[in-house]
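Peer 1: Dropping a structure here in structure tokens format, bear with me for questions.
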Amino acid sequence: MPTLNSWKLLAGLVLLVVIQQAAAQRRRILLKPMDPMVNCTVGRTLTGVQLVSSDKSVEKFKGYDVDLLVYILQNMGWDPNSWYVECVSEDDMYKIIKNNQAFMGFGGVAITSQKMEENYDFSLPTFVSGLKLAMRSNTDADQWSFFLSFDTMLWLMILLTTILTGLFTWCFEGVGKKSTGQRLKNLKEMIWQSFSSLFYTSEIRLQKFSARLVFLCFWFMVLVLTATYTADLTTKLASRNPKTSWSTMDAAISQKARIGTLTKYRDMVLRYNLTLADRTYDWNEIDKIREDFHAGKIDGIALDIPTIDKLFATHPCTTFVIQEQLANFNYGFIYNYLTFDKALQKTIDYNIYLFKESPDFQIFSKKWINVYPFDDSCQRPVSRLELENLAGLWIILAGAIFFGVMLEVADYIFQSRLNKLKNKEIIYDEQRQSIQEILDSYLMVDDYIHIPSRDLHQRLEDDIKNRVDAIENMIKDKFSAVESRVLEKVKNLSATRQQSGNSDQNSAPSN
């Protein structure tokens with residue numbers, strides 16, 4: 001006779017079998033994370049009741065495809081207790097469905113012929129997708145906004161034309177009969193005349209008809225450029241339109257923009273000769289690729305259309321979407337072709353068709369893809385100009401003042417050194433003149449004294465003075481000697497005459 005413990009064991013076995021059968025009857029639905037279609041954590045499972053409940057304490061799976069799944073199953077009248085959802089990786093989803101261990105899968109699953117050849121089947125397209133490029137951009141609201149009206153090449157052409165106009169006018173006005181210094185001065189004046197004409201401040205009165213004709217055409221060009229510049233500048237300053245260096249696919253290719261993409265899309269990107277970033281990203285690195293994109297580590301990203309559209313919707317001022325697509329494909333639910341109930345598949349397809357015709361299609365798109373932007377400053381009209389729009393004008397003025405001060409300082413230093421050289425030259429000339437006067441005073445010294453350089457002039461001057469003193473002493477000595485000799489001769493002559501006079505007196509009485 002069965003004991004109480006035996007009955008308990010039997011009841012436990014029956015309950016276990018019932019639970020297993022109930023679990024086996026609940027359909028397993030797989031989803032893979034891909035923002036904005038599905039946001040979930042891999043390995044986590046939710047029952048149908050948890051997914052559709054309004055209990056905020058339970059962290060639910062979210063996304064476009066999650067709302068679509070609930071919409072279709074509720075329309076089909078399925079009890080939430082009869083199914084559950086599980087978040088898995090993309091590779092695991094394909095393996096589980098191929099082994100017939102799940103009812104179906106979804107979450108941005110692309111409908112491809114390759115998967116169909118591998119005995120996978122798909123529902124009607126739930127979303128028209130593809131592969132698109134988004135490039136980094138910014139807005140026109142910066143301190144150099146007033147330069148953006150003209151292209152760089154046009155600015156350079158205006159500069160060259162202004163210089164050439166001044167040069168030709170200088171030639172036509174005649175320079176042949178003037179000195180070189182005057183010609184250079186006239187050239188500077190004509191160049192200044194050309195540049196001042198850009199701002200309607202011309203002052204020089206031209207004499208030749210040929211020069212007037214050139215300037216007449218130049219003034220007409222300035223008039224047209226000014227009107228065009230003013231109109232375009234007004235439009236740009238009144239709005240903040242995003243700008244980018246890669247507005248087309250060809251620009252991204254030619255400028256070798258660094259494109260980040262998922263590993264599975266690598267071949268599609270290379271097919272268009274685009275330059276890949278230093279690395280490709282795994283299927284679960286969507287957030288990482290967007291982070292690198294906003295940080296400027298990559299120039300653009302190639303991702304699924306709903307991901308790109310959401311990126312542009314949330315960051316319209318820093319994202320530019322290139323309209324050319326790299327690939328076209330659709331999303332849908334994925335089944336095992338060999339085991340899935342075809343009648344049930346038709347029912348699901350019919351409800352997908354009803355969904356696309358209902359207002360919920362637009363509601364889901366607006367909720368998950370075309371969301372409200374985080375930063376829409378570039379889309380708001382400009383009611384008044386801000387300093388950042390025209391700060392470049394003050395930067396240019398400050399640069400001009402700084403450059404002018406540097407020129408004045410350089411000129412002051414140059415003039416100071418030039419004046420010092422002139423003063424030294426004057427002192428040297430005075431000393432040389434004094435020495436020359438000495439040389440002119442003593443011609444005998446001029447024959448053998450030579451001044452080799454300015455550095456020796458002081459020593460030579462002292463030497464000359466010493467020599468002059470020696471010559472003067474020598475002359476004095478010679479004059480003294482001559483004077484002594486003359487005096488001695490005079491004395492001797494006087495004595496001789498006196499003796500001869502005395503002898504004559506003695507001989508006279510005897511006669």
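Following the order of the structure tokens, chains are lettered A, B, ..., residues in each are numbered from 1, and ligands are numbered from 1.
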Can you pull out the residues contacting Val58 of chain A? Cut-off 10 Å, using only C-alpha atoms, and skip same-chain residues under 6 positions away; I want them as JSON, numbers by chain.
Peer 2: {"A": [46, 50, 51]}
Peer 1: Restricting it to C-alpha atoms, dump the selection as an mmCIF file, in the first residue's frame.
Peer 2:
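The resulting file, selection26.cif, is reproduced below:
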data_model
loop_
_atom_site.group_PDB
_atom_site.id
_atom_site.type_symbol
_atom_site.label_atom_id
_atom_site.label_comp_id
_atom_site.auth_asym_id
_atom_site.auth_seq_id
_atom_site.Cartn_x
_atom_site.Cartn_y
_atom_site.Cartn_z
ATOM 1 C CA LEU A 46 11.332 38.419 -20.186
ATOM 2 C CA GLN A 50 6.420 41.282 -18.161
ATOM 3 C CA LEU A 51 6.901 42.759 -21.617
#
Peer 1: Would you return as a list in words the members of segment 40-131 of chain A that DSSP assigns to strand (DSSP E) on this structure's backbone?
Peer 2: Thr45, Leu46, Thr47, Trp83, Tyr84, Val85, Glu86, Cys87, Met104, Gly105, Phe106, Tyr120, Asp121, Phe122, Phe127, Val128, Ser129, Gly130 and Leu131 of chain A
Peer 1: Just list the residues in segment 111-239 of chain A DSSP gives helix (DSSP H, G or I) on the backbone, as a ChimeraX atom specification.
Peer 2: /A:113-117,145-147,152-172,180-197,209-237
Peer 1: Neighbouring residues of Lys288 of chain A were defined as those with any atom within 12 Å, considering only C-alpha atoms; residues of the same chain fewer than 3 positions away were excluded. Please report them as a ChimeraX atom specification.
Peer 2: /A:260-262,279-285,291-295,297-298,301
Peer 1: Save the residues we just selected, N, CA, C and O atoms, as a compact mmCIF listing (two decimals), in the first residue's frame?
Peer 2:
# COMPACT_ATOMS: atom_id res chain seq x y z
N GLY A 260 33.97 54.60 -40.14
CA GLY A 260 33.81 53.50 -39.19
C GLY A 260 32.56 52.71 -39.52
O GLY A 260 31.52 53.28 -39.86
N THR A 261 32.62 51.41 -39.42
CA THR A 261 31.47 50.56 -39.72
C THR A 261 31.59 49.25 -38.97
O THR A 261 32.62 48.96 -38.34
N LEU A 262 30.54 48.44 -39.04
CA LEU A 262 30.56 47.12 -38.43
C LEU A 262 31.34 46.15 -39.31
O LEU A 262 31.45 46.34 -40.52
N ARG A 279 40.04 50.64 -37.38
CA ARG A 279 39.45 49.37 -36.93
C ARG A 279 38.00 49.32 -37.35
O ARG A 279 37.37 50.33 -37.65
N THR A 280 37.45 48.09 -37.44
CA THR A 280 36.01 47.90 -37.61
C THR A 280 35.43 47.50 -36.25
O THR A 280 36.15 47.10 -35.35
N TYR A 281 34.12 47.60 -36.15
CA TYR A 281 33.45 47.41 -34.86
C TYR A 281 32.59 46.16 -34.89
O TYR A 281 32.03 45.79 -35.93
N ASP A 282 32.48 45.51 -33.73
CA ASP A 282 31.64 44.31 -33.61
C ASP A 282 30.17 44.72 -33.55
O ASP A 282 29.82 45.88 -33.37
N TRP A 283 29.30 43.73 -33.66
CA TRP A 283 27.86 43.98 -33.72
C TRP A 283 27.34 44.66 -32.45
O TRP A 283 26.34 45.39 -32.50
N ASN A 284 28.03 44.45 -31.31
CA ASN A 284 27.57 45.02 -30.04
C ASN A 284 28.28 46.33 -29.69
O ASN A 284 28.25 46.76 -28.54
N GLU A 285 28.94 46.97 -30.66
CA GLU A 285 29.70 48.20 -30.40
C GLU A 285 29.08 49.41 -31.10
O GLU A 285 29.78 50.34 -31.49
N GLU A 291 30.18 57.02 -30.23
CA GLU A 291 31.03 57.81 -29.33
C GLU A 291 32.28 58.30 -30.07
O GLU A 291 32.67 59.47 -29.95
N ASP A 292 32.92 57.41 -30.84
CA ASP A 292 34.11 57.81 -31.62
C ASP A 292 33.75 58.83 -32.69
O ASP A 292 34.55 59.73 -33.00
N PHE A 293 32.56 58.71 -33.24
CA PHE A 293 32.10 59.65 -34.27
C PHE A 293 31.96 61.06 -33.69
O PHE A 293 32.45 62.03 -34.26
N HIS A 294 31.30 61.18 -32.55
CA HIS A 294 31.11 62.50 -31.94
C HIS A 294 32.40 63.06 -31.38
O HIS A 294 32.57 64.28 -31.29
N ALA A 295 33.35 62.18 -31.00
CA ALA A 295 34.64 62.64 -30.46
C ALA A 295 35.61 63.04 -31.56
O ALA A 295 36.68 63.56 -31.27
N LYS A 297 37.14 60.97 -33.66
CA LYS A 297 38.15 59.95 -33.96
C LYS A 297 37.95 59.36 -35.35
O LYS A 297 38.88 58.81 -35.94
N ILE A 298 36.72 59.42 -35.86
CA ILE A 298 36.43 59.00 -37.23
C ILE A 298 35.62 60.10 -37.89
O ILE A 298 34.94 60.88 -37.23
N ILE A 301 30.40 57.43 -40.43
CA ILE A 301 30.02 56.07 -40.08
C ILE A 301 29.08 55.53 -41.16
O ILE A 301 28.28 56.26 -41.73
